[in-house]
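> my_file.cif is reproduced below (mmCIF, C-alpha atoms).
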```
data_my_file
#
loop_
_atom_site.label_atom_id
_atom_site.label_comp_id
_atom_site.auth_asym_id
_atom_site.auth_seq_id
_atom_site.Cartn_x
_atom_site.Cartn_y
_atom_site.Cartn_z
CA MET A 1 -3.08 2.18 -23.78
CA SER A 2 -2.76 1.77 -27.52
CA GLY A 3 -2.37 5.22 -29.00
CA ASP A 4 -5.20 7.20 -27.38
CA ARG A 5 -7.36 4.13 -26.76
CA LEU A 6 -7.79 2.25 -23.48
CA ILE A 7 -7.38 -1.39 -24.53
CA ASN A 8 -8.57 -3.04 -21.33
CA ASN A 9 -10.45 -2.16 -18.17
CA PRO A 10 -8.35 -2.19 -15.00
CA PHE A 11 -8.47 -5.30 -12.81
CA HIS A 12 -8.89 -4.98 -9.06
CA TYR A 13 -5.56 -5.68 -7.38
CA ARG A 14 -7.19 -8.38 -5.24
CA ASP A 15 -8.15 -10.31 -8.39
CA GLU A 16 -6.83 -13.88 -8.21
CA ARG A 17 -5.28 -13.67 -11.68
CA THR A 18 -2.08 -12.26 -10.18
CA ALA A 19 -1.20 -15.66 -8.68
CA ARG A 20 -0.38 -16.85 -12.20
CA GLY A 21 1.84 -13.80 -12.69
CA VAL A 22 3.92 -14.64 -9.63
CA ALA A 23 4.75 -18.07 -11.04
CA LEU A 24 5.64 -16.61 -14.45
CA VAL A 25 7.96 -13.94 -13.07
CA HIS A 26 9.68 -16.13 -10.49
CA LYS A 27 10.69 -18.60 -13.20
CA ILE A 28 12.88 -15.78 -14.51
CA ALA A 29 13.90 -13.96 -11.32
CA ASP A 30 13.14 -15.06 -7.76
CA HIS A 31 12.22 -12.64 -5.00
CA ALA A 32 15.82 -12.28 -3.79
CA ALA A 33 16.99 -11.25 -7.26
CA LEU A 34 14.09 -8.86 -7.66
CA TYR A 35 14.65 -7.28 -4.25
CA ALA A 36 18.25 -6.49 -5.10
CA THR A 37 17.09 -4.39 -8.03
CA ASN A 38 13.68 -3.00 -7.08
CA GLY A 39 13.80 -3.07 -3.26
CA LEU A 40 10.15 -4.10 -2.96
CA GLN A 41 8.57 -6.44 -0.46
CA PHE A 42 6.77 -9.37 -2.03
CA GLN A 43 3.18 -8.51 -2.85
CA PRO A 44 1.37 -10.76 -5.35
CA PHE A 45 -0.49 -7.80 -6.85
CA ASN A 46 2.55 -5.70 -7.82
CA SER A 47 2.40 -4.55 -11.44
CA ILE A 48 5.29 -6.77 -12.52
CA TYR A 49 3.09 -9.83 -11.92
CA GLN A 50 0.03 -8.29 -13.57
CA LEU A 51 2.05 -7.39 -16.66
CA ALA A 52 3.35 -10.97 -16.88
CA VAL A 53 -0.25 -12.20 -17.05
CA ASP A 54 -1.14 -9.61 -19.69
CA HIS A 55 1.92 -10.55 -21.75
CA GLU A 56 1.04 -14.25 -21.63
CA ALA A 57 -2.52 -13.40 -22.71
CA GLY A 58 -1.25 -11.43 -25.72
CA VAL A 59 -2.63 -8.12 -24.47
CA ILE A 60 0.76 -6.36 -24.68
CA ASP A 61 2.72 -5.54 -27.82
CA ASP A 62 5.01 -2.76 -29.01
CA THR A 63 2.03 -0.46 -29.69
CA THR A 64 0.83 -0.42 -26.07
CA THR A 65 1.76 1.87 -23.19
CA MET A 66 1.25 1.15 -19.50
CA LEU A 67 -0.32 3.95 -17.47
CA MET A 68 -0.99 3.66 -13.77
CA ILE A 69 -4.44 4.93 -12.78
CA PRO A 70 -3.26 8.45 -11.72
CA ASP A 71 -1.22 8.69 -14.93
CA LEU A 72 -4.28 7.66 -16.93
CA LEU A 73 -6.23 10.51 -15.33
CA GLY A 74 -3.39 12.85 -16.24
CA PHE A 75 -3.56 11.62 -19.84
CA TRP A 76 -7.30 12.17 -20.02
CA LEU A 77 -6.82 15.71 -18.73
CA THR A 78 -3.80 16.69 -20.83
CA GLY A 79 -3.18 14.15 -23.58
CA GLU A 80 0.32 13.51 -22.18
CA GLN A 81 1.42 9.95 -21.37
CA VAL A 82 3.92 9.99 -18.50
CA GLY A 83 4.65 7.88 -15.44
CA GLU A 84 4.88 9.58 -12.05
CA ARG A 85 7.97 8.24 -10.30
CA THR A 86 6.68 7.44 -6.78
CA ASN A 87 3.84 5.32 -8.13
CA SER A 88 6.04 3.76 -10.79
CA SER A 89 8.43 2.67 -8.03
CA THR A 90 5.76 0.23 -6.82
CA THR A 91 5.55 -1.64 -10.13
CA GLY A 92 8.65 -3.75 -9.43
CA LEU A 93 10.18 -2.57 -12.70
CA LEU A 94 11.95 0.57 -11.55
CA ASP A 95 15.63 0.33 -10.65
CA ILE A 96 15.96 1.29 -6.98
CA GLY A 97 19.41 2.78 -7.51
CA SER A 98 18.85 4.94 -10.57
CA GLY A 99 15.11 5.59 -10.25
CA THR A 100 14.69 4.70 -13.94
CA TRP A 101 12.99 1.81 -15.70
CA ASN A 102 15.01 -1.39 -15.31
CA ALA A 103 15.71 -2.23 -18.95
CA THR A 104 17.57 -5.45 -18.08
CA LEU A 105 14.65 -6.88 -16.11
CA ILE A 106 12.14 -5.65 -18.68
CA ASP A 107 14.06 -7.47 -21.42
CA LYS A 108 14.29 -10.68 -19.37
CA LEU A 109 10.50 -10.63 -18.99
CA CYS A 110 10.16 -10.13 -22.76
CA LEU A 111 8.17 -6.95 -22.22
CA PRO A 112 8.56 -4.23 -24.87
CA ARG A 113 10.54 -1.26 -23.60
CA SER A 114 8.06 0.99 -25.37
CA LEU A 115 5.44 -0.15 -22.85
CA PHE A 116 6.90 2.16 -20.23
CA PRO A 117 6.34 5.93 -20.46
CA SER A 118 8.84 8.64 -19.61
CA LEU A 119 9.04 9.38 -15.89
CA VAL A 120 8.29 12.63 -14.07
CA ASP A 121 8.85 13.65 -10.46
CA PRO A 122 6.23 15.07 -8.08
CA GLY A 123 5.94 18.79 -8.71
CA SER A 124 6.65 18.46 -12.43
CA ARG A 125 4.37 19.90 -15.06
CA ILE A 126 2.47 17.22 -16.97
CA GLY A 127 0.76 19.53 -19.44
CA SER A 128 -2.10 21.94 -20.03
CA LEU A 129 -5.73 20.93 -20.11
CA ARG A 130 -7.04 19.55 -23.38
CA ASP A 131 -9.33 21.98 -25.20
CA GLU A 132 -12.39 19.77 -24.69
CA VAL A 133 -11.67 19.33 -20.97
CA ALA A 134 -11.17 23.05 -20.45
CA ALA A 135 -14.44 23.76 -22.27
CA GLU A 136 -16.34 21.24 -20.18
CA VAL A 137 -15.12 22.55 -16.82
CA GLY A 138 -15.16 26.20 -17.86
CA THR A 139 -11.48 27.05 -17.43
CA PRO A 140 -8.81 28.39 -19.79
CA THR A 141 -6.67 25.89 -21.68
CA THR A 142 -3.69 27.53 -20.00
CA VAL A 143 -4.56 25.71 -16.74
CA GLU A 144 -1.71 23.30 -16.06
CA VAL A 145 -1.79 19.83 -14.52
CA ILE A 146 1.04 19.22 -12.04
CA ALA A 147 2.22 15.78 -10.92
CA VAL A 148 1.91 14.96 -7.23
CA GLY A 149 3.18 11.95 -5.29
CA SER A 150 0.47 9.94 -6.99
CA HIS A 151 0.98 6.81 -4.95
CA ASP A 152 -1.44 7.63 -2.15
CA THR A 153 1.05 6.66 0.53
CA ALA A 154 3.68 8.97 -0.98
CA SER A 155 1.31 11.91 -0.54
CA ALA A 156 0.17 10.68 2.87
CA VAL A 157 3.74 10.41 4.15
CA VAL A 158 4.82 13.81 2.86
CA GLY A 159 1.82 15.24 4.75
CA VAL A 160 2.83 13.67 8.08
CA PRO A 161 4.05 16.43 10.42
CA MET A 162 7.29 14.69 11.37
CA THR A 163 8.93 17.91 12.52
CA GLU A 164 11.23 16.24 15.06
CA PRO A 165 13.77 13.42 14.72
CA GLY A 166 12.65 9.92 15.64
CA GLY A 167 9.29 9.92 13.88
CA ALA A 168 7.68 6.92 12.22
CA TYR A 169 4.34 6.80 10.41
CA ILE A 170 1.33 4.55 10.07
CA SER A 171 -0.84 5.50 7.11
CA SER A 172 -3.94 3.69 8.26
CA GLY A 173 -6.78 2.93 5.88
CA THR A 174 -7.84 -0.13 3.92
CA TRP A 175 -4.14 -1.00 4.18
CA SER A 176 -1.81 0.16 6.91
CA LEU A 177 1.64 1.29 5.76
CA VAL A 178 4.07 1.26 8.68
CA GLY A 179 7.57 2.65 8.44
CA VAL A 180 10.03 5.53 8.32
CA GLU A 181 11.32 7.98 5.73
CA LEU A 182 14.95 7.48 4.69
CA ASP A 183 17.48 9.03 2.32
CA ARG A 184 18.70 5.68 0.94
CA PRO A 185 17.17 2.22 0.42
CA ILE A 186 18.00 -0.76 2.61
CA LEU A 187 18.58 -3.86 0.47
CA THR A 188 20.02 -6.31 2.99
CA ASP A 189 18.98 -9.93 3.25
CA GLY A 190 17.51 -9.12 6.68
CA SER A 191 15.38 -6.37 5.18
CA ARG A 192 14.11 -8.67 2.44
CA GLU A 193 13.39 -11.50 4.87
CA ALA A 194 11.46 -9.09 7.09
CA ASN A 195 9.38 -8.16 4.01
CA PHE A 196 10.17 -4.45 4.12
CA THR A 197 9.79 -2.38 0.99
CA ASN A 198 11.71 0.61 -0.38
CA GLU A 199 9.28 2.75 -2.34
CA GLY A 200 9.82 6.15 -3.89
CA GLY A 201 8.82 9.19 -1.87
CA VAL A 202 8.45 12.89 -2.57
CA ASP A 203 11.69 14.93 -2.77
CA GLY A 204 13.73 11.81 -3.54
CA LYS A 205 13.04 10.15 -0.19
CA ILE A 206 12.60 6.42 0.37
CA ARG A 207 9.46 5.16 2.05
CA TYR A 208 10.87 2.25 4.02
CA LEU A 209 7.84 0.36 5.23
CA ARG A 210 5.88 -2.83 5.63
CA ASN A 211 2.32 -3.29 4.39
CA VAL A 212 -0.04 -4.46 7.13
CA MET A 213 -3.49 -5.72 6.16
CA GLY A 214 -5.26 -2.73 7.74
CA MET A 215 -8.88 -1.72 8.31
CA TRP A 216 -9.91 -4.01 5.46
CA LEU A 217 -10.21 -6.70 8.13
CA LEU A 218 -12.87 -4.76 10.01
CA SER A 219 -14.75 -3.36 7.00
CA GLU A 220 -14.93 -6.77 5.31
CA SER A 221 -16.15 -8.33 8.58
CA ILE A 222 -18.92 -5.74 8.81
CA ARG A 223 -19.91 -6.47 5.21
CA THR A 224 -20.08 -10.17 6.05
CA TRP A 225 -22.31 -9.61 9.06
CA GLU A 226 -24.58 -7.30 7.10
CA ARG A 227 -24.90 -9.83 4.28
CA GLY A 228 -26.07 -12.24 6.98
CA GLY A 229 -28.81 -9.85 8.05
CA GLN A 230 -27.12 -8.20 11.04
CA SER A 231 -27.22 -4.44 11.36
CA VAL A 232 -23.79 -3.25 12.51
CA GLY A 233 -23.08 0.39 13.32
CA LEU A 234 -19.37 1.19 13.41
CA THR A 235 -19.52 3.69 16.28
CA ALA A 236 -21.54 1.38 18.52
CA LEU A 237 -19.34 -1.58 17.56
CA LEU A 238 -16.15 0.28 18.52
CA ASN A 239 -17.69 1.46 21.78
CA GLU A 240 -18.57 -2.12 22.66
CA ALA A 241 -15.11 -3.30 21.64
CA GLY A 242 -13.51 -0.63 23.80
CA ALA A 243 -15.51 -1.73 26.85
CA ILE A 244 -14.12 -5.29 26.73
CA SER A 245 -11.78 -5.84 29.67
CA THR A 246 -10.92 -9.51 29.21
CA PRO A 247 -8.19 -10.80 26.86
CA VAL A 248 -9.14 -11.45 23.23
CA PRO A 249 -7.35 -13.73 20.76
CA ILE A 250 -4.49 -12.28 18.70
CA PHE A 251 -4.05 -13.59 15.17
CA ASP A 252 -1.63 -12.94 12.31
CA ALA A 253 -3.10 -9.82 10.72
CA ASN A 254 -0.85 -10.30 7.68
CA HIS A 255 -1.88 -13.87 6.91
CA PRO A 256 -2.41 -14.27 3.13
CA SER A 257 -5.82 -15.89 3.69
CA LEU A 258 -7.10 -12.46 4.74
CA LEU A 259 -6.29 -10.76 1.42
CA PRO A 260 -9.29 -11.75 -0.78
CA PRO A 261 -12.85 -10.56 -0.18
CA GLY A 262 -15.31 -12.92 1.47
CA ASP A 263 -16.24 -14.24 4.90
CA MET A 264 -13.60 -12.47 6.99
CA PRO A 265 -14.89 -13.57 10.45
CA LYS A 266 -14.75 -17.22 9.37
CA ARG A 267 -11.13 -16.86 8.25
CA ILE A 268 -10.17 -15.02 11.43
CA ALA A 269 -11.83 -17.76 13.50
CA ALA A 270 -9.78 -20.36 11.59
CA LEU A 271 -6.53 -18.50 12.34
CA CYS A 272 -7.47 -18.32 16.03
CA ALA A 273 -8.16 -22.05 16.04
CA GLU A 274 -4.76 -22.74 14.41
CA ALA A 275 -3.14 -20.77 17.23
CA GLY A 276 -5.05 -22.80 19.82
CA ALA A 277 -7.31 -19.92 20.86
CA ALA A 278 -11.09 -19.80 21.07
CA ALA A 279 -12.69 -17.85 18.23
CA PRO A 280 -14.39 -14.54 19.06
CA ASP A 281 -18.04 -15.08 19.89
CA SER A 282 -19.59 -11.72 18.97
CA PRO A 283 -18.99 -8.82 16.55
CA ALA A 284 -17.62 -6.71 19.42
CA VAL A 285 -15.07 -9.36 20.38
CA PHE A 286 -14.17 -9.82 16.71
CA ALA A 287 -13.65 -6.06 16.38
CA ARG A 288 -11.46 -5.91 19.50
CA SER A 289 -9.48 -8.92 18.30
CA ILE A 290 -8.93 -7.29 14.91
CA LEU A 291 -7.75 -4.00 16.44
CA GLU A 292 -5.48 -5.72 18.96
CA SER A 293 -3.99 -7.87 16.20
CA LEU A 294 -3.42 -4.84 13.98
CA ALA A 295 -1.77 -2.97 16.87
CA GLU A 296 0.48 -5.97 17.49
CA ALA A 297 1.42 -6.05 13.78
CA TYR A 298 2.14 -2.31 13.93
CA ALA A 299 4.38 -2.76 16.96
CA THR A 300 6.33 -5.56 15.27
CA ALA A 301 6.77 -3.47 12.12
CA ILE A 302 7.94 -0.42 14.11
CA ASP A 303 10.47 -2.52 16.04
CA ASP A 304 11.70 -4.12 12.81
CA ALA A 305 11.99 -0.76 11.03
CA GLU A 306 14.10 0.57 13.89
CA ARG A 307 16.30 -2.53 13.99
CA LEU A 308 16.85 -2.79 10.24
CA SER A 309 17.37 0.91 9.53
CA GLY A 310 19.23 1.91 12.69
CA TYR A 311 16.82 4.84 12.92
CA LYS A 312 15.73 5.37 16.54
CA ILE A 313 11.95 5.71 16.75
CA ASN A 314 10.30 7.48 19.67
CA THR A 315 7.11 8.85 18.10
CA VAL A 316 4.54 7.15 15.87
CA HIS A 317 2.28 9.33 13.72
CA ILE A 318 -1.01 7.75 12.65
CA VAL A 319 -2.67 9.41 9.66
CA GLY A 320 -5.53 8.43 7.39
CA GLY A 321 -8.95 7.12 8.37
CA GLY A 322 -7.55 4.96 11.15
CA SER A 323 -6.33 8.07 12.98
CA GLN A 324 -9.98 8.73 13.87
CA ASN A 325 -10.25 5.35 15.58
CA THR A 326 -9.36 6.28 19.16
CA LEU A 327 -9.31 2.66 20.32
CA LEU A 328 -6.88 1.61 17.58
CA CYS A 329 -4.60 4.55 18.37
CA GLN A 330 -4.55 3.72 22.07
CA LEU A 331 -3.92 0.03 21.46
CA THR A 332 -1.07 0.99 19.15
CA ALA A 333 0.46 3.15 21.88
CA ASN A 334 0.08 0.31 24.37
CA ARG A 335 1.77 -2.26 22.14
CA THR A 336 4.49 -0.08 20.57
CA ARG A 337 5.33 1.45 23.99
CA ARG A 338 5.90 4.75 22.22
CA ARG A 339 4.18 8.11 21.99
CA VAL A 340 1.44 8.07 19.35
CA LEU A 341 0.19 11.23 17.67
CA ALA A 342 -3.08 10.84 15.81
CA GLY A 343 -3.95 12.94 12.80
CA PRO A 344 -2.21 15.18 10.29
CA TRP A 345 -2.20 18.23 12.50
CA ARG A 346 0.90 20.11 13.57
CA GLN A 347 -0.31 19.95 17.17
CA PRO A 348 -2.35 16.76 17.23
CA PRO A 349 -5.36 16.75 19.55
CA SER A 350 -4.90 13.11 20.46
CA VAL A 351 -1.73 12.00 22.26
CA MET A 352 -1.32 8.57 23.82
CA CYS A 353 1.64 7.31 25.83
#
```
Starting from the file, lay out its structure as structure tokens.


Amino acid sequence: MSGDRLINNPFHYRDERTARGVALVHKIADHAALYATNGLQFQPFNSIYQLAVDHEAGVIDDTTTMLMIPDLLGFWLTGEQVGERTNSSTTGLLDIGSGTWNATLIDKLCLPRSLFPSLVDPGSRIGSLRDEVAAEVGTPTTVEVIAVGSHDTASAVVGVPMTEPGGAYISSGTWSLVGVELDRPILTDGSREANFTNEGGVDGKIRYLRNVMGMWLLSESIRTWERGGQSVGLTALLNEAGAISTPVPIFDANHPSLLPPGDMPKRIAALCAEAGAAAPDSPAVFARSILESLAEAYATAIDDAERLSGYKINTVHIVGGGSQNTLLCQLTANRTRRRVLAGPWRQPPSVMC
């Protein structure tokens, strides 16, 4: 933002421009140094890398303000420019200890401090509706806009009914976020090497988790098949995948080659070949291979979260769109060897052991 004007359209986080940002930032501070201050797992699309690209391109100066997408919506509704803390924690520029903008790192990156708005916590008042917004929607201008955990995973996690000790969560959608809720961050070398992140949660909690590639693998595969002229119905595909009784290849569901859009089945086949396994030979086998590989990645992340945090995990809560995928939930239970509760209900209808 420059004043009240949006100076650039947002880029999709899968845009390849962020690769340049990684090189720019890591000349100044490598991942180990960054992890000690921001607690974040390495993700090439984190805002710190995007801002480095914008700075190099001359987009940023001392008249601009960075607003994350939810904060931009809040500005359009109220005219107030603030940064919600849970989402800001994912930028890489928030100090994990203080929960404030990391002025030292910001200065090293030659970013103007004025770029970063004041921070608010979930539950804080942002402001009242602008007059023109209130008139358009037919409400009084006294209607207030309240900040939520605007990082979607922050709101997803606070909605998980972890009413008993020993609960972990998988927020399963385009991405799968696998982890536990803690009171304090874990900044050990082992945590960094395991690529675990410490992100801000609601009520001052830490979302200690690992990003797993998620249902993007299946949805992008379906798009590829449909571009090739195949008609693929998700329900029928999952039914066929569930009926497969022979082993399917397992691949690294977190491999960086799977991040960009494009021919997902071709890339999965290449990973299978690298592992010495035959590639899936039908959409149903591809789907089963994807779900088995995701479940294996979930199990590894759950085991690592328990080992690194010392937090004993006996129940895994799956929320989000993936909680409706019965096959994925069952495969997760099989591979984690733990009770899995599917859905954001206090007494979930789907329990696998």

> Name every residue that the PyMOL selection byres ((chain A and resi 188-199) around 9) selects in this structure, writing the answer as a PyMOL selection string with chains first and numbers rising.

chain A and resi 31-32+35-36+38-42+86-87+89-90+96+154+179+184-187+200-201+205-211+301+304-305+308-309

> Restricting the calculation to all atoms listed in the file: of A:Leu218, A:Pro280, A:Val180, A:Thr224, which residue gets closest to Lys312 (chain A)?

A:Val180

> Using only C-alpha atoms, which of the listed residues (A:Pro260, A:Gly276, A:Pro265, A:Gly166) sits closest to Val316 (chain A)?

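The closest residue to Val316 (chain A) is A:Gly166.
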
> Could you list, as a list of chain:residue names, every residue matched by the PyMOL selection byres ((chain A and resi 226-231) around 12) in this structure?

A:Ser219, A:Glu220, A:Ser221, A:Ile222, A:Arg223, A:Thr224, A:Trp225, A:Val232, A:Gly233, A:Leu234, A:Ala236, A:Leu237, A:Gly262, A:Asp263, A:Met264, A:Pro265, A:Ser282, A:Pro283

> Which residue out of A:Gly97, A:Pro112, A:Pro122, A:Gly79 has the minimum interatomic distance to Val59 (chain A) when only C-alpha atoms are used?

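Using only C-alpha atoms, the shortest distance to Val59 (chain A) belongs to A:Pro112.
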
> What separation in Å, quoted to one decimal, exists between CA of Ile7 (chain A) and CA of Leu109 (chain A)?

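Going from CA of Ile7 (chain A) over to CA of Leu109 (chain A), I get 20.9 Å.
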
> Around the point (2.3, 9.1, 3.7) in the file's coordinates, collect all residues with an atom within 9 Å, using all atoms listed in the file, and return them as JSON, numbers by chain.

{"A": [152, 153, 154, 155, 156, 157, 158, 159, 160, 169, 170, 171, 177, 201, 207, 319, 320]}

> So which residues touch Leu217 (chain A) within 10 Å, counting all atoms listed in the file, skipping near sequence neighbours fewer than 2 positions away, as a PDB file with C-alpha atoms, keeping the file's coordinate frame?


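Saved the output as out11.pdb:
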```pdb
ATOM      1  CA  THR A 174      -7.840  -0.130   3.920  1.00  0.00           C
ATOM      2  CA  TRP A 175      -4.140  -1.000   4.180  1.00  0.00           C
ATOM      3  CA  MET A 213      -3.490  -5.720   6.160  1.00  0.00           C
ATOM      4  CA  GLY A 214      -5.260  -2.730   7.740  1.00  0.00           C
ATOM      5  CA  MET A 215      -8.880  -1.720   8.310  1.00  0.00           C
ATOM      6  CA  SER A 219     -14.750  -3.360   7.000  1.00  0.00           C
ATOM      7  CA  GLU A 220     -14.930  -6.770   5.310  1.00  0.00           C
ATOM      8  CA  SER A 221     -16.150  -8.330   8.580  1.00  0.00           C
ATOM      9  CA  ILE A 222     -18.920  -5.740   8.810  1.00  0.00           C
ATOM     10  CA  ALA A 253      -3.100  -9.820  10.720  1.00  0.00           C
ATOM     11  CA  LEU A 258      -7.100 -12.460   4.740  1.00  0.00           C
ATOM     12  CA  LEU A 259      -6.290 -10.760   1.420  1.00  0.00           C
ATOM     13  CA  PRO A 261     -12.850 -10.560  -0.180  1.00  0.00           C
ATOM     14  CA  MET A 264     -13.600 -12.470   6.990  1.00  0.00           C
ATOM     15  CA  PRO A 265     -14.890 -13.570  10.450  1.00  0.00           C
ATOM     16  CA  ILE A 268     -10.170 -15.020  11.430  1.00  0.00           C
ATOM     17  CA  PHE A 286     -14.170  -9.820  16.710  1.00  0.00           C
ATOM     18  CA  ALA A 287     -13.650  -6.060  16.380  1.00  0.00           C
ATOM     19  CA  ILE A 290      -8.930  -7.290  14.910  1.00  0.00           C
ATOM     20  CA  LEU A 291      -7.750  -4.000  16.440  1.00  0.00           C
ATOM     21  CA  LEU A 294      -3.420  -4.840  13.980  1.00  0.00           C
TER      22      LEU A 294
END
```

> Just so the selection is clear, what residues does the PyMOL selection byres ((chain A and resi 239) around 12) cover here, as a PyMOL selection string?

chain A and resi 233-238+240-244+283-285+287-288+325-328
